[in-house]
Number of protein chains: 4
Amino acid sequence: MGPKKGILERLAEGVVIGDGGFVFELEKRGYVMAGPWTPEVTLEHPDAVRELHREYLRAGSDVMQALTFYASDDKLINRGNVAGKKFTGAAVNAAACKIAKEVAAEGDALVLGGISETPTYLSGGGKAAVQAEFRKQIQVFVDHGMDFLLCEYFEYVEEVEWAIEVCKETGKPVASTMCIGPKGDMHGVPAGECAVRMAKAGADIVGVNCHFDPFVSLETIKLMKAGLEKAGLKPFLMCQPLGYHTPDAGPQGFIDLLEFPFALEPRLCTRWDFHKFARQAYDLGVRYIGGCCGTQHHHLRAVAEELAKERGKTPLSSEKHAPWGEGLALHTKPWVRARANREFWENLKPATGRPFSASMSEPENWGVTAGSKLMMQHAGVTTEAEQEEVRRFKKGGGKH
Amino acid sequence: MGPKKGILERLAEGVVIGDGGFVFELEKRGYVMAGPWTPEVTLEHPDAVRELHREYLRAGSDVMQALTFYASDDKLINRGNVAGKKFTGAAVNAAACKIAKEVAAEGDALVLGGISETPTYLSGGGKAAVQAEFRKQIQVFVDHGMDFLLCEYFEYVEEVEWAIEVCKETGKPVASTMCIGPKGDMHGVPAGECAVRMAKAGADIVGVNCHFDPFVSLETIKLMKAGLEKAGLKPFLMCQPLGYHTPDAGPQGFIDLLEFPFALEPRLCTRWDFHKFARQAYDLGVRYIGGCCGTQHHHLRAVAEELAKERGKTPLSSEKHAPWGEGLALHTKPWVRARANREFWENLKPATGRPFSASMSEPENWGVTAGSKLMMQHAGVTTEAEQEEVRRFKKGGGKH
Amino acid sequence: MGPKKGILERLAEGVVIGDGGFVFELEKRGYVMAGPWTPEVTLEHPDAVRELHREYLRAGSDVMQALTFYASDDKLINRGNVAGKKFTGAAVNAAACKIAKEVAAEGDALVLGGISETPTYLSGGGKAAVQAEFRKQIQVFVDHGMDFLLCEYFEYVEEVEWAIEVCKETGKPVASTMCIGPKGDMHGVPAGECAVRMAKAGADIVGVNCHFDPFVSLETIKLMKAGLEKAGLKPFLMCQPLGYHTPDAGPQGFIDLLEFPFALEPRLCTRWDFHKFARQAYDLGVRYIGGCCGTQHHHLRAVAEELAKERGKTPLSSEKHAPWGEGLALHTKPWVRARANREFWENLKPATGRPFSASMSEPENWGVTAGSKLMMQHAGVTTEAEQEEVRRFKKGGGKH
Amino acid sequence: MGPKKGILERLAEGVVIGDGGFVFELEKRGYVMAGPWTPEVTLEHPDAVRELHREYLRAGSDVMQALTFYASDDKLINRGNVAGKKFTGAAVNAAACKIAKEVAAEGDALVLGGISETPTYLSGGGKAAVQAEFRKQIQVFVDHGMDFLLCEYFEYVEEVEWAIEVCKETGKPVASTMCIGPKGDMHGVPAGECAVRMAKAGADIVGVNCHFDPFVSLETIKLMKAGLEKAGLKPFLMCQPLGYHTPDAGPQGFIDLLEFPFALEPRLCTRWDFHKFARQAYDLGVRYIGGCCGTQHHHLRAVAEELAKERGKTPLSSEKHAPWGEGLALHTKPWVRARANREFWENLKPATGRPFSASMSEPENWGVTAGSKLMMQHAGVTTEAEQEEVRRFKKGGGKH
């Protein structure tokens with residue numbers, strides 16, 4: 001067997017399936033803390049991380065992305081986070097790379113190293129300070145021979161440009177996704193312009209991840225695609241949305257919904273939602289399709305099953321999953337056997353079982369973005385005085 | 001360290017936490033097929049099963065129940081199931097016991113062997129045939145030294161009596177839970193009477209599992225408790241409900257909801273639902289509290305956190321989970337930090353993000369129970385003629 | 001033309017259609033005040049009352065019930081109500097009778113005089129005092145030659161027995177409906193027993209009105225019917241439910257829903273709901289079918305159209321209404337023309353247009369019934385001290 | 001008393017309250033047929049029309065608009081409508097004017113004559129033919145001395161320009177409202193441009209009516225206002241929205257919702273919605289505020305109560321309505337008395353009582369607009385062949 005095909009080659013030939021969410025899933029499994037999303041799990045519970053990689057590999061994932069989200073040194077010590085006292089970012093990132101490579105080798109997957117937005121940027125640290133954070137992570141990715149790099153989860157296009165710039169120094173292919181919706185970045189830069197700026201900064205693959213549901217994310221991709229076409233640019237398109245429905249989210253997505261992060265369950269997508277998403281994404285020209293927070297194995301497998309014909313293969317775990325529920329023909333109850341077909345599942349609008357819940361919540365967002373004092377980050381625990389200020393701000397109409 | 005305390009001793013001293021669901025979770029992770037719920041996963045993917053046991057142990061579970069659901073020989077060959085050709089029930093059950101014991105030893109957990117309803121009963125096989133199936137499984141549990149036995153997921157009280165009878169032959173403590181709701185068993189035996197008959201058959205622990213949500217299940221427990229008190233019986237009470245909201249389910253529970261089993265996501269309980277459930281269950285006198293299909297680590301941990309004071313300890317995984325969302329004080333956005341308190345999460349009615357979905361669906365159930373021809377099971381694949389009969393029946397008003 | 005057939009003769013021959021709600025509709029039209037429901041409208045705005053009678057007559061109503069709800073003298077002066085200072089109850093009732101008779105003469109309708117529960121009863125006034133209030137109203141009905149009498153909107157079976165007793169003194173046929181649901185009267189007397197007691201007290205027609213939606217009301221009627229059959233009693237059955245959906249109401253019905261009385265709009269029944277109600281009521285044996293608060297002309301017409309075959313006639317206003325939406329064949333848009341059929345409207349589950357609203361609210365009810373101090377009525381305006389007591393009670397858990 | 005102040009004078013001085021919907025309300029009352037909305041009711045049931053005018057006058061309406069909707073000769077004979085054989089448009093319009101004038105004289109209201117879109121335009125009749133229809137109606141308005149004229153309910157800006165042109169010939173003030181939403185007219189002309197074209201055609205008052213809910217309509221008004229300001233035009237702004245919530249409607253508004261026109265009940269606005277609407281409209285600079293289909297007396301009264309301070313007066317019917325539910329202080333139940341305040345009603349999100357209904361429906365609209373063959377109108381009844389074509393079109397994907 002020759003060397004693995006690279007990411008750009010694979011994208012040129014067809015559709016690439018990314019992986020699913022890590023930190024939300026590991027939080028539910030008891031290994032990660034919501035808020036700091038403690039990436040030191042790669043050192044503390046490597047088995048749990050390995051298992052999740054394997055689930056994604058079985059679901060059809062072509063890429064094992066090392067779990068390095070929020071694993072920059074400045075984040076590990078932000079707001080009372082004690083991780084930074086026990087572990088260096090470098091050690092966390094190295095452990096993540098090692099696990100990703102181990103599982104990738106069990107199949108034909110590529111390995112990927114990613115960086116994301118930093119507290120340093122939010123707190124007004126300048127370009128040099130922010131890029132210094134990025135460089136520390138990227139050095140690990142280079143040392144471990146990751147196949148390509150990803151800038152993901154950026155709310156401000158300026159910061160992602162800085163990130164891409166650093167990634168380009170390595171000579172590896174660079175993908176770049178912002179966690180924005182159709183209204184653009186947090187400072188109001190339109191989605192189309194964000195895409196153009198990422199492409200001009202050197203990203204080979206451009207798109208969105210996190211913060212919005214599959215269908216809202218495709219709206220953003222449409223705007224990005226239009227902007228890129230107008231600018232005569234042709235990067236590959238990438239989409240790794242939430243596994244949660246967010247039709248009611250504001251510009252900053254699910255963070256601002258009242259249900260974030262501990263009551264999002266009713267919003268969870270079904271596998272059929274991801275069938276629909278995969279088809280729409282493919283038809284729109286997206287060639288890198290995966291998932292972010294809330295997506296699990298069965299969402300990703302749905303992508304692989306929907307695109308089985310285009311990809312010429314089915315995922316490993318389809319051995320335990322007949323397409324479109326056809327395995328229900330084995331069920332003991334006849335009315336459940338009657339659900340063993342595509343028409344049933346494709347048309348079902350699932351009831352929520354929640355008669356006391358509304359469909360939508362009114363997102364919070366106090367108009368506070370990078371540059372506001374309330375957005376300044378620091379190493380110390382949030383003080384009571386700060387909490388009090390937050391409460392005052394909220395009472396004073398911060399919440400609409 | 002002396003020998004582990006037995007289940008009855010633990011129940012007498014305080015509250016015991018069971019484990020969460022296995023087959024639904026492993027189905028989502030790609031290891032198990034919906035419908036037959038392929039328990040041969042214990043042989044095919046022991047690592048995945050072991051990981052899930054570990055998650056429950058970390059969540060506070062006091063009992064590692066071997067994954068033997070639907071692992072009776074007659075089930076492994078039902079309706080075209082090929083598992084029975086590759087594996088004996090005994091091998092599947094043995095592997096399950098081995099994994100459960102391995103993880104239990106990593107903590108202070110007991111190990112449990114369980115049996116459940118059989119195709120033989122549904123198809124009209126008599127007491128001897130049904131008990132023969134049970135005996136084969138129980139022999140494995142005895143051989144592996146399981147600490148106690150569980151009869152669970154029975155829809156007909158007659159069959160569970162037969163099951164208890166066989167379990168009692170071993171001399172081990174016996175728990176028994178039916179998957180029924182407030183309307184009683186599938187032949188209309190009231191819940192209170194079911195409880196009395198289970199207790200009289202010899203069950204030391206009595207209650208419900210599966211098929212209904214936590215709050216509907218507690219309604220059933222109330223009826224059981226009343227029946228038992230009237231009969232002067234005092235078994236321990238046990239409740240392992242679904243992790244899905246089912247206010248709209250009919251007598252047979254979530255099976256009959258249109259969303260079963262592939263679109264139940266919007267019904268998923270939050271961890272806060274399980275806080276509430278744990279408290280209500282405890283106050284009602286339930287002393288064995290766990291979860292069934294749909295429940296995951298974080299639901300079980302919520303039980304352990306809610307009852308931390310009563311139990312005098314917190315679960316291992318609370319190291320990554322501050323009670324009542326207080327860890328959000330570390331979040332970067334001030335309005336998310338403002339959610340770091342119990343009042344917020346306890347009162348939130350989470351929006352569903354699904355404006356095109358109703359709250360409730362109308363359950364199907366064609367009035368077909370054990371004894372009906374449509375309920376007869378067989379080894380062969382469901383034939384096209386059978387499927388056609390099902391469709392005809394449905395059109396003719398099987399569905400209301 | 002000979003004399004009009006009496007109510008009992010009509011009921012013996014077939015189904016009788018009652019009228020719709022008055023006070024809620026007149027409140028929306030600006031003539032009546034919510035709370036005291038100011039029946040003095042018969043003196044203040046007779047044209048508006050006459051118009052509403054005519055609408056019901058056109059819809060197929062066989063009975064013109066004089067608008068005398070809450071027109072007892074003790075009610076006209078309750079809690080600061082100033083009506084009693086301007087008008088006597090006798091004058092209000094007389095005006096109501098006059099209008100009803102005038103419109104009834106425009107068709108073949110009977111006229112009906114009704115009495116309902118009194119503040120005197122709620123405040124612990126004894127039988128003599130309560131019956132004295134009733135007698136004043138009934139004297140007016142006798143003087144004006146009303147065809148039959150109705151005791152309606154009673155929450156306590158004891159009070160309605162007193163009312164029936166007084167009505168029987170007149171020798172006229174007596175109908176009697178309580179505003180209760182399947183849980184029985186406010187002191188917990190079961191619905192079946194309430195029906196039996198009304199029949200034994202002498203009511204020729206027995207049933208429910210107000211407080212619950214059509215389908216919940218039929219559940220109550222089922223219980224009443226079973227009780228009556230067991231007692232060997234055979235009064236005619238009558239059902240005049242709300243025009244609002246109340247699946248979530250507690251024992252006291254829509255009063256306790258948070259939406260009462262100014263935000264009930266989303267709960268309004270469609271005409272198709274009343275088609276379904278009319279059919280179910282008829283099949284259950286109900287022979288007097290009408291509506292209470294929230295019902296309007298088009299709901300009543302739906303009853304008449306559904307039962308057109310049984311009645312051998314269609315209502316007058318069907319000249320402007322083709323059955324089952326068939327008149328839409330005249331619409332300009334083709335997709336609206338495609339809705340011109342029964343299948344469409346019968347199966348439509350109408351969307352609410354309210355993504356921020358839940359399906360159900362949690363009813364309030366502080367466990368306060370006749371006999372409680374908080375339920376005492378008086379002529380004076382509610383004092384600030386009383387309001388404060390209410391607020392304290394509420395905070396202290398009156399509201400669950 | 002001198003002559004009444006004219007409409008432009010009144011608008012210059014403050015806010016003018018229009019009236020509410022006629023045809024939907026009269027349909028529910030049994031006098032008008034859905035689809036053709038039979039304006040011949042002015043001849044057939046003048047008392048019913050008069051009563052409704054009076055309700056609006058009592059609610060605070062400053063304008064009595066003659067009920068002439070769809071009363072053009074070409075509409076009275078469209079698609080099998082038999083009205084045109086019995087009545088001339090002129091007679092229908094004259095009766096409408098007479099009634100409006102009669103009720104206006106009971107207060108200080110102005111009288112208004114309105115014209116709306118024609119089947120002739122939809123069927124491709126040219127400018128001359130369309131204007132001929134308008135002229136016939138307008139002649140009646142001139143003959144009866146209506147105070148000003150209104151072009152309302154136009155889906156195509158071209159047709160409303162033709163309408164305004166004819167109105168201007170009379171020398172009377174002209175108001176003009178289109179039934180469009182934020183996406184503009186049916187041929188895609190943006191809302192802002194529509195406003196500019198209406199103003200340039202000579203309309204003194206410009207805005208929207210019908211088809212969308214109050215809040216969506218204000219979005220349209222915002223776009224109109226922006227367009228007008230950019231063009232340096234300053235007509236008065238007017239808004240007469242639906243009384244139904246339509247967040248899910250497409251470009252053609254509520255017509256395309258599956259609930260139109262016979263299952264819109266759950267979408268009905270509360271009076272509190274209209275308080276909010278009135279305030280937002282006023283703050284946006286709208287000075288002519290009323291309602292269209294679905295609005296009733298109590299909605300209009302809410303506008304008048306909300307703007308009582310600005311107008312220096314309360315409506316007549318406030319004598320039976322304390323602001324913000326304060327009249328509930330007279331209620332017998334203490335928990336209902338506790339709702340007698342603004343905070344309660346302003347914040348309540350009313351439950352729908354419909355657990356089987358979704359929040360939103362997916363609007364139909366087959367992309368068929370003026371110019372399409374399916375949109376051609378004709379005098380004959382819709383034929384079976386046409387109905388069949390509609391069904392074929394629908395099956396073939398007309399419906400998304």
# chains A, B, ... in the order shown; residues from 1 in each chain; ligands from 1

call {"tool": "closest_atom_pairs", "arguments": {"of": "chain B", "to": "chain A", "cutoff": "6 Å", "atoms": "only C-alpha atoms", "output": "JSON lines"}}
result
{"residue": "B:Lys28", "atom": "CA", "partner": "A:His298", "partner_atom": "CA", "distance": 5.2}
{"residue": "B:Arg29", "atom": "CA", "partner": "A:His297", "partner_atom": "CA", "distance": 5.3}
{"residue": "B:Gly30", "atom": "CA", "partner": "A:Ser317", "partner_atom": "CA", "distance": 5.2}
{"residue": "B:Val32", "atom": "CA", "partner": "A:Lys320", "partner_atom": "CA", "distance": 5.6}
{"residue": "B:Met33", "atom": "CA", "partner": "A:Lys320", "partner_atom": "CA", "distance": 4.5}
{"residue": "B:Gly35", "atom": "CA", "partner": "A:His331", "partner_atom": "CA", "distance": 4.9}
{"residue": "B:Arg79", "atom": "CA", "partner": "A:Leu330", "partner_atom": "CA", "distance": 5.5}
{"residue": "B:His245", "atom": "CA", "partner": "A:Gly353", "partner_atom": "CA", "distance": 5.2}
{"residue": "B:Thr246", "atom": "CA", "partner": "A:Gly353", "partner_atom": "CA", "distance": 5.7}
{"residue": "B:Glu259", "atom": "CA", "partner": "A:Pro350", "partner_atom": "CA", "distance": 5.9}
{"residue": "B:Ala263", "atom": "CA", "partner": "A:Thr270", "partner_atom": "CA", "distance": 5.6}
{"residue": "B:Glu265", "atom": "CA", "partner": "A:Leu268", "partner_atom": "CA", "distance": 5.6}
{"residue": "B:Pro266", "atom": "CA", "partner": "A:Pro266", "partner_atom": "CA", "distance": 4.0}
{"residue": "B:Arg267", "atom": "CA", "partner": "A:Thr352", "partner_atom": "CA", "distance": 5.1}
{"residue": "B:Leu268", "atom": "CA", "partner": "A:Glu265", "partner_atom": "CA", "distance": 5.6}
{"residue": "B:Thr270", "atom": "CA", "partner": "A:Ala263", "partner_atom": "CA", "distance": 5.6}
{"residue": "B:His297", "atom": "CA", "partner": "A:Arg29", "partner_atom": "CA", "distance": 5.3}
{"residue": "B:His298", "atom": "CA", "partner": "A:Lys28", "partner_atom": "CA", "distance": 5.2}
{"residue": "B:Ser317", "atom": "CA", "partner": "A:Gly30", "partner_atom": "CA", "distance": 5.2}
{"residue": "B:Lys320", "atom": "CA", "partner": "A:Met33", "partner_atom": "CA", "distance": 4.6}
{"residue": "B:His321", "atom": "CA", "partner": "A:Met33", "partner_atom": "CA", "distance": 5.7}
{"residue": "B:Leu328", "atom": "CA", "partner": "A:Gly35", "partner_atom": "CA", "distance": 5.4}
{"residue": "B:Leu330", "atom": "CA", "partner": "A:Arg79", "partner_atom": "CA", "distance": 5.5}
{"residue": "B:His331", "atom": "CA", "partner": "A:Gly35", "partner_atom": "CA", "distance": 4.9}
{"residue": "B:Lys349", "atom": "CA", "partner": "A:Ser357", "partner_atom": "CA", "distance": 5.5}
{"residue": "B:Pro350", "atom": "CA", "partner": "A:Glu259", "partner_atom": "CA", "distance": 5.9}
{"residue": "B:Ala351", "atom": "CA", "partner": "A:Ala358", "partner_atom": "CA", "distance": 5.0}
{"residue": "B:Thr352", "atom": "CA", "partner": "A:Ser359", "partner_atom": "CA", "distance": 4.8}
{"residue": "B:Gly353", "atom": "CA", "partner": "A:Ser359", "partner_atom": "CA", "distance": 5.1}
{"residue": "B:Arg354", "atom": "CA", "partner": "A:Ser359", "partner_atom": "CA", "distance": 5.3}
{"residue": "B:Pro355", "atom": "CA", "partner": "A:Ser359", "partner_atom": "CA", "distance": 5.0}
{"residue": "B:Ser357", "atom": "CA", "partner": "A:Ala351", "partner_atom": "CA", "distance": 5.4}
{"residue": "B:Ala358", "atom": "CA", "partner": "A:Ala351", "partner_atom": "CA", "distance": 5.0}
{"residue": "B:Ser359", "atom": "CA", "partner": "A:Thr352", "partner_atom": "CA", "distance": 4.8}
{"residue": "B:Met360", "atom": "CA", "partner": "A:Ala351", "partner_atom": "CA", "distance": 5.0}
{"residue": "B:Ser361", "atom": "CA", "partner": "A:Ala351", "partner_atom": "CA", "distance": 5.5}

call {"tool": "residues_around", "arguments": {"residues": "Lys234 (chain C)", "least_positions_apart": "5", "cutoff": "10 Å", "atoms": "only C-alpha atoms", "output": "JSON, numbers by chain"}}
result
{"C": [196, 199, 204, 205, 206, 225, 228, 229]}

call {"tool": "residues_around", "arguments": {"residues": "Glu306 (chain C)", "least_positions_apart": "5", "cutoff": "8 Å", "atoms": "only C-alpha atoms", "output": "MDAnalysis selection string"}}
result
chainID C and resid 275 278:279

call {"tool": "write_last_selection", "arguments": {"atoms": "N, CA and C atoms", "output": "mmCIF file, in the first residue's frame"}}
result
data_model
loop_
_atom_site.group_PDB
_atom_site.id
_atom_site.type_symbol
_atom_site.label_atom_id
_atom_site.label_comp_id
_atom_site.auth_asym_id
_atom_site.auth_seq_id
_atom_site.Cartn_x
_atom_site.Cartn_y
_atom_site.Cartn_z
ATOM 1 N N HIS C 275 -67.419 20.016 14.553
ATOM 2 C CA HIS C 275 -67.953 18.886 13.781
ATOM 3 C C HIS C 275 -67.683 17.585 14.530
ATOM 4 N N ALA C 278 -69.666 17.318 17.770
ATOM 5 C CA ALA C 278 -71.097 17.050 17.561
ATOM 6 C C ALA C 278 -71.304 15.568 17.274
ATOM 7 N N ARG C 279 -70.454 15.008 16.442
ATOM 8 C CA ARG C 279 -70.595 13.590 16.093
ATOM 9 C C ARG C 279 -70.375 12.714 17.324
#

call {"tool": "atom_distance", "arguments": {"atom1": "CA of Ile221 (chain D)", "atom2": "CA of Gly192 (chain D)"}}
result
8.4 Å

call {"tool": "select_by_dssp", "arguments": {"residues": "region 120-364 of chain C", "states": "helix (DSSP H, G or I)", "output": "PyMOL selection string"}}
result
chain C and resi 120-122+127-143+157-168+191-201+214-230+253-256+265-267+271-284+297-306+308-311+316-320+323-330+334-337+342-347

call {"tool": "atom_distance", "arguments": {"atom1": "CA of Gly207 (chain A)", "atom2": "CA of Met224 (chain A)"}}
result
7.5 Å

call {"tool": "atom_distance", "arguments": {"atom1": "CA of Gly6 (chain D)", "atom2": "CA of Leu110 (chain D)"}}
result
7.6 Å

call {"tool": "residues_around", "arguments": {"residues": "Ile17 (chain B)", "least_positions_apart": "6", "cutoff": "7 Å", "atoms": "only C-alpha atoms", "output": "list in words"}}
result
Gly60, Ser61, Asp62, Tyr288, Ile289 and Gly290 of chain B

call {"tool": "residues_around", "arguments": {"residues": "Asp73 (chain D)", "least_positions_apart": "4", "cutoff": "8 Å", "atoms": "only C-alpha atoms", "output": "PyMOL selection string"}}
result
chain D and resi 77+84+88-89+133

call {"tool": "write_last_selection", "arguments": {"atoms": "C-alpha atoms", "output": "CSV table (one decimal), in the first residue's frame"}}
result
chain,number,residue,atom,x,y,z
D,77,ILE,CA,-69.3,37.2,-11.2
D,84,GLY,CA,-73.4,39.5,-9.8
D,88,THR,CA,-74.9,45.4,-9.3
D,89,GLY,CA,-71.6,46.5,-7.8
D,133,GLU,CA,-63.7,48.6,-12.7

call {"tool": "closest_residue", "arguments": {"among": "B:Ala109, B:Val166, B:Lys183, B:Asn347", "to": "Ala132 (chain B)", "atoms": "only C-alpha atoms"}}
result
B:Val166

call {"tool": "decode", "arguments": {"residues": "region 337-355 of chain B", "atoms": "N, CA and C atoms", "output": "compact mmCIF listing (two decimals), in the first residue's frame"}}
result
# COMPACT_ATOMS: atom_id res chain seq x y z
N ARG B 337 -22.13 33.11 32.02
CA ARG B 337 -21.75 33.06 33.45
C ARG B 337 -22.96 33.28 34.35
N ALA B 338 -23.91 34.09 33.84
CA ALA B 338 -25.10 34.39 34.65
C ALA B 338 -26.03 33.17 34.80
N ARG B 339 -25.71 32.09 34.11
CA ARG B 339 -26.53 30.87 34.23
C ARG B 339 -25.95 29.89 35.24
N ALA B 340 -24.91 30.32 35.94
CA ALA B 340 -24.21 29.40 36.83
C ALA B 340 -24.90 29.24 38.18
N ASN B 341 -26.19 28.87 38.15
CA ASN B 341 -26.88 28.70 39.43
C ASN B 341 -28.09 27.79 39.30
N ARG B 342 -28.47 27.23 40.41
CA ARG B 342 -29.56 26.26 40.44
C ARG B 342 -30.89 26.84 39.98
N GLU B 343 -31.20 28.04 40.41
CA GLU B 343 -32.50 28.62 40.08
C GLU B 343 -32.72 28.65 38.57
N PHE B 344 -31.67 29.01 37.85
CA PHE B 344 -31.81 29.09 36.40
C PHE B 344 -32.18 27.74 35.79
N TRP B 345 -31.41 26.71 36.12
CA TRP B 345 -31.61 25.41 35.46
C TRP B 345 -32.84 24.69 35.96
N GLU B 346 -33.16 24.92 37.21
CA GLU B 346 -34.31 24.23 37.78
C GLU B 346 -35.61 24.73 37.18
N ASN B 347 -35.64 25.99 36.79
CA ASN B 347 -36.88 26.57 36.30
C ASN B 347 -36.99 26.64 34.78
N LEU B 348 -35.88 26.45 34.11
CA LEU B 348 -35.90 26.54 32.65
C LEU B 348 -36.79 25.46 32.04
N LYS B 349 -37.70 25.88 31.18
CA LYS B 349 -38.42 24.92 30.34
C LYS B 349 -37.74 24.99 28.98
N PRO B 350 -36.91 24.01 28.64
CA PRO B 350 -36.09 24.17 27.44
C PRO B 350 -36.90 24.22 26.15
N ALA B 351 -36.59 25.19 25.32
CA ALA B 351 -37.22 25.25 24.01
C ALA B 351 -36.73 24.08 23.17
N THR B 352 -37.54 23.69 22.22
CA THR B 352 -37.21 22.50 21.45
C THR B 352 -36.46 22.79 20.15
N GLY B 353 -36.49 24.03 19.73
CA GLY B 353 -35.85 24.35 18.45
C GLY B 353 -36.55 23.72 17.25
N ARG B 354 -37.76 23.26 17.47
CA ARG B 354 -38.49 22.52 16.43
C ARG B 354 -39.87 23.13 16.18
N PRO B 355 -39.94 24.24 15.50
CA PRO B 355 -41.24 24.88 15.29
C PRO B 355 -42.20 24.07 14.42
